[in-house]
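Coordinates as given in run_14.tsv (TSV, C-alpha atoms):
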```
chain	number	residue	atom	x	y	z
A	3	MET	CA	-91.52	37.89	42.25
A	4	PRO	CA	-91.80	37.45	38.46
A	5	PRO	CA	-88.93	35.77	36.60
A	6	LYS	CA	-86.28	38.01	35.08
A	7	LYS	CA	-86.63	38.72	31.39
A	8	GLN	CA	-83.81	37.22	29.35
A	9	LYS	CA	-81.75	39.49	27.19
A	10	GLU	CA	-81.96	39.14	23.44
A	11	GLY	CA	-78.75	38.34	21.61
A	12	PRO	CA	-77.24	36.00	19.04
A	13	LEU	CA	-76.64	33.24	21.60
A	14	MET	CA	-80.18	33.40	22.97
A	15	SER	CA	-81.71	33.37	19.49
A	16	TYR	CA	-79.57	30.32	18.65
A	17	PHE	CA	-80.94	28.34	21.59
A	18	ALA	CA	-84.49	29.65	21.28
A	19	VAL	CA	-87.23	27.14	20.57
A	20	ARG	CA	-88.15	27.04	16.93
A	21	ARG	CA	-91.82	27.13	16.21
A	22	GLU	CA	-91.87	25.43	12.83
A	23	VAL	CA	-90.40	21.95	12.60
A	24	LYS	CA	-89.95	20.43	9.18
A	25	PRO	CA	-89.39	16.69	8.74
A	26	ILE	CA	-85.89	15.73	7.66
A	27	VAL	CA	-86.91	12.71	5.61
A	28	LYS	CA	-89.63	12.90	3.01
A	29	LYS	CA	-91.77	9.83	2.54
A	30	PRO	CA	-91.35	8.67	-1.06
A	31	LYS	CA	-94.34	8.20	-3.29
A	32	VAL	CA	-95.09	4.52	-3.28
A	33	ALA	CA	-96.48	2.50	-6.16
A	34	VAL	CA	-98.44	-0.62	-5.28
A	35	GLN	CA	-98.27	-3.66	-7.52
A	36	LYS	CA	-100.61	-6.63	-7.13
A	37	LEU	CA	-98.90	-10.01	-7.36
A	38	GLY	CA	-101.73	-12.23	-6.27
A	39	PRO	CA	-105.09	-12.24	-4.54
A	40	GLU	CA	-103.68	-11.09	-1.18
A	41	VAL	CA	-100.12	-10.03	-1.95
A	42	THR	CA	-99.06	-6.50	-2.89
A	43	VAL	CA	-95.58	-5.16	-3.31
A	44	LYS	CA	-94.74	-1.56	-2.45
A	45	SER	CA	-91.95	0.05	-4.37
A	46	SER	CA	-90.61	3.56	-4.58
A	47	LYS	CA	-90.27	3.09	-8.34
A	48	SER	CA	-93.21	3.87	-10.58
A	49	LEU	CA	-95.03	0.92	-12.08
A	50	ASN	CA	-93.72	1.80	-15.55
A	51	GLU	CA	-90.11	1.58	-14.34
A	52	GLU	CA	-90.78	-1.60	-12.39
A	53	GLU	CA	-88.94	-4.48	-14.01
A	54	ARG	CA	-90.47	-7.22	-11.91
A	55	VAL	CA	-92.53	-9.84	-13.64
A	56	ASN	CA	-96.02	-10.50	-12.33
A	57	CYS	CA	-95.70	-14.01	-11.01
A	58	ASP	CA	-98.26	-16.43	-9.71
A	59	ASN	CA	-97.94	-16.66	-5.94
A	60	ASP	CA	-98.41	-20.46	-6.08
A	61	ALA	CA	-95.35	-20.80	-8.32
A	62	LEU	CA	-93.02	-19.45	-5.63
A	63	PRO	CA	-91.39	-21.90	-3.18
A	64	PHE	CA	-92.27	-21.87	0.50
A	65	LEU	CA	-89.58	-20.53	2.86
A	66	ASP	CA	-88.22	-22.98	5.43
A	67	GLU	CA	-86.81	-20.50	7.95
A	68	HIS	CA	-84.78	-23.20	9.72
A	69	HIS	CA	-83.28	-24.78	6.58
A	70	PRO	CA	-79.82	-26.29	7.27
A	71	SER	CA	-78.12	-24.02	4.72
A	72	ILE	CA	-79.53	-20.92	6.43
A	73	VAL	CA	-78.49	-22.15	9.88
A	74	GLN	CA	-75.04	-23.02	8.51
A	75	PHE	CA	-74.71	-19.49	7.08
A	76	THR	CA	-75.51	-17.94	10.48
A	77	LYS	CA	-72.93	-20.16	12.17
A	78	LYS	CA	-70.30	-19.48	9.49
A	79	TYR	CA	-70.53	-15.70	9.91
A	80	GLN	CA	-71.20	-15.97	13.68
A	81	ILE	CA	-74.40	-13.99	13.43
A	82	GLY	CA	-76.25	-13.70	16.73
A	83	MET	CA	-79.93	-14.61	16.80
A	84	LYS	CA	-81.01	-12.53	19.81
A	85	ARG	CA	-81.88	-8.88	19.65
A	86	ILE	CA	-81.07	-6.51	22.47
A	87	GLY	CA	-84.76	-6.16	23.28
A	88	GLY	CA	-85.03	-9.90	23.76
A	89	SER	CA	-87.22	-10.89	20.81
A	90	LYS	CA	-85.68	-13.82	19.01
A	91	LEU	CA	-85.38	-13.88	15.23
A	92	SER	CA	-85.60	-16.90	12.98
A	93	PRO	CA	-82.37	-17.86	11.16
A	94	ALA	CA	-83.77	-16.51	7.87
A	95	GLU	CA	-84.61	-13.13	9.43
A	96	THR	CA	-81.19	-13.09	11.07
A	97	VAL	CA	-79.51	-13.52	7.67
A	98	LEU	CA	-81.59	-10.66	6.24
A	99	VAL	CA	-80.78	-8.35	9.16
A	100	TRP	CA	-77.11	-9.25	8.65
A	101	PHE	CA	-77.51	-8.31	4.97
A	102	ASP	CA	-79.00	-4.98	6.08
A	103	GLY	CA	-75.69	-4.22	7.75
A	104	TRP	CA	-76.32	-4.71	11.46
A	105	TYR	CA	-73.85	-7.51	12.02
A	106	SER	CA	-71.54	-6.76	9.11
A	107	ASP	CA	-70.10	-3.72	7.42
A	108	LEU	CA	-72.28	-1.85	4.96
A	109	LYS	CA	-70.36	-3.12	1.95
A	110	TYR	CA	-73.57	-3.74	-0.03
A	111	GLY	CA	-74.56	-0.08	0.20
A	112	PRO	CA	-77.41	1.72	1.93
A	113	GLY	CA	-80.81	0.09	1.79
A	114	VAL	CA	-83.34	2.08	3.82
A	115	GLY	CA	-86.36	2.75	1.66
A	116	MET	CA	-85.65	0.14	-0.98
A	117	LEU	CA	-86.57	-3.50	-1.29
A	118	ARG	CA	-83.95	-6.02	-0.24
A	119	VAL	CA	-84.20	-7.69	-3.66
A	120	ASP	CA	-83.38	-4.37	-5.36
A	121	ARG	CA	-80.44	-3.88	-3.01
A	122	TRP	CA	-79.17	-7.41	-3.69
A	123	GLU	CA	-79.45	-6.87	-7.47
A	124	ARG	CA	-77.66	-3.52	-7.20
A	125	ALA	CA	-74.82	-5.12	-5.24
A	126	GLN	CA	-74.60	-7.93	-7.80
A	127	MET	CA	-74.52	-5.41	-10.65
A	128	LEU	CA	-71.70	-3.50	-8.93
A	129	GLY	CA	-69.70	-6.71	-8.49
A	130	LEU	CA	-69.89	-6.76	-4.67
A	131	ASP	CA	-70.79	-10.49	-4.64
A	132	PRO	CA	-73.74	-10.56	-2.20
A	133	PRO	CA	-74.59	-13.96	-0.68
A	134	GLN	CA	-76.83	-16.11	-2.85
A	135	ILE	CA	-78.75	-17.32	0.20
A	136	VAL	CA	-80.22	-13.83	0.63
A	137	LYS	CA	-81.61	-13.94	-2.92
A	138	THR	CA	-82.97	-17.44	-2.27
A	139	ILE	CA	-84.80	-16.26	0.86
A	140	LEU	CA	-86.23	-13.24	-0.94
A	141	GLU	CA	-87.57	-15.28	-3.88
A	142	THR	CA	-90.07	-17.23	-1.78
A	143	LYS	CA	-93.74	-16.67	-0.96
A	144	GLN	CA	-92.81	-14.99	2.30
A	145	GLY	CA	-90.07	-12.95	0.62
A	146	VAL	CA	-92.64	-11.43	-1.72
A	147	GLY	CA	-95.56	-11.22	0.69
A	148	LEU	CA	-94.22	-10.41	4.16
A	149	TYR	CA	-93.12	-6.84	4.86
A	150	ARG	CA	-90.56	-7.86	7.51
A	151	ILE	CA	-88.74	-10.05	4.98
A	152	ARG	CA	-89.18	-7.87	1.88
A	153	GLU	CA	-88.11	-4.48	3.31
A	154	HIS	CA	-84.98	-3.23	5.08
A	155	CYS	CA	-85.28	-3.58	8.87
A	156	MET	CA	-85.12	0.22	9.42
A	157	THR	CA	-87.61	1.22	6.72
A	158	ALA	CA	-90.61	1.03	9.05
A	159	LEU	CA	-88.89	3.25	11.60
A	160	VAL	CA	-87.81	5.86	9.07
A	161	TYR	CA	-90.95	6.02	6.91
A	162	GLY	CA	-93.49	4.97	9.53
A	163	ASN	CA	-95.07	2.10	7.58
```

Please rewrite the model in this file as structure tokens.
Amino acid sequence: MPPKKQKEGPLMSYFAVRREVKPIVKKPKVAVQKLGPEVTVKSSKSLNEEERVNCDNDALPFLDEHHPSIVQFTKKYQIGMKRIGGSKLSPAETVLVWFDGWYSDLKYGPGVGMLRVDRWERAQMLGLDPPQIVKTILETKQGVGLYRIREHCMTALVYGN
């Protein structure tokens, strides 16, 4: 016996499967800026609006992810170092994820799709007093070169980078 044909009506058309699905979030146009032989920085700003100075990669300090001041910051704010999935973060990455708003309130504003340095500078400009240790971590070789340190932790999930 064939299945019964459903009646058309406003309720059925509401629950009907839509054929065309449009993405909710548009991927921003990304400008790429070379900072060194192997380091590039992606930014949603155009290169003309970019206010960053081209710096020599050798002039930047090296990030010690287990520096005592970073570990002290994680203990002061009681920031956990284990993710739910089980992968362990370094203390520096834990501080940056905390800055992204996972362990604290979002008092520094939204940050998905923008560089953490830009978010820190915006919070400083608005007088929100972001922690200086975040700026110190971001102004290192790894802070400029590594995507996981430079970008918000949810940017890769939202934009698919």

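For the choices A:Leu148, A:Met116, A:Ile72, A:Lys109, the atom-to-atom distance to A:Pro132 is smallest for A:Lys109 when using only C-alpha atoms.
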
- Query: So, counting all atoms listed in the file, which residue among A:Ile135, A:Leu128, A:Tyr110, A:Glu95 is closest to A:Arg152?
  - Reply: A:Glu95

Would you compute, for all listed atoms of stretch 124-141 of chain A, the axis-aligned bounding box grown by 4 Å on each side, and then report its centre and edge lengths in Å rounded to one decimal, as AutoDock Vina command-line options?
```
--center_x -78.6 --center_y -10.5 --center_z -4.9 --size_x 25.9 --size_y 21.9 --size_z 19.5
```

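Using only C-alpha atoms, the nearest neighbour of A:Pro93 within the list A:Val114, A:Ala61, A:Val119, A:Ile139 is A:Ile139.
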
- Find the residues around A:Lys137 up to 12 Å (only C-alpha atoms counted), leave out those fewer than 3 positions away in its own chain, and share them as a PyMOL selection string. chain A and resi 65+72+94+97-98+101+117-126+131-134+140-142+145-146+151-152

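Atom CA of A:His154 is found 20.0 Å from atom CA of A:Asp66.
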
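Atom pair atom CA of A:Cys155 / atom CA of A:Val99: separated by 6.6 Å.
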
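Going from atom CA of A:Gly162 over to atom CA of A:Gly103, you cover 20.1 Å.
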
- Message: Given only C-alpha atoms as the basis, pick out the residue of A:Gly115, A:Lys90, A:Gln144, A:Met127 nearest to A:Ala158.
- Response: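 Of the candidates, the smallest distance to A:Ala158 is held by A:Gly115.
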
- Note on the structure: Across A:Trp100, A:Glu153, A:Leu159, A:Pro112, the smallest distance to A:Phe75, with only C-alpha atoms counted, is shown by A:Trp100

- Restricting the calculation to only C-alpha atoms, which member of A:Met156, A:Thr96, A:Tyr161, A:Gly111 is positioned closest to A:Val73? A:Thr96
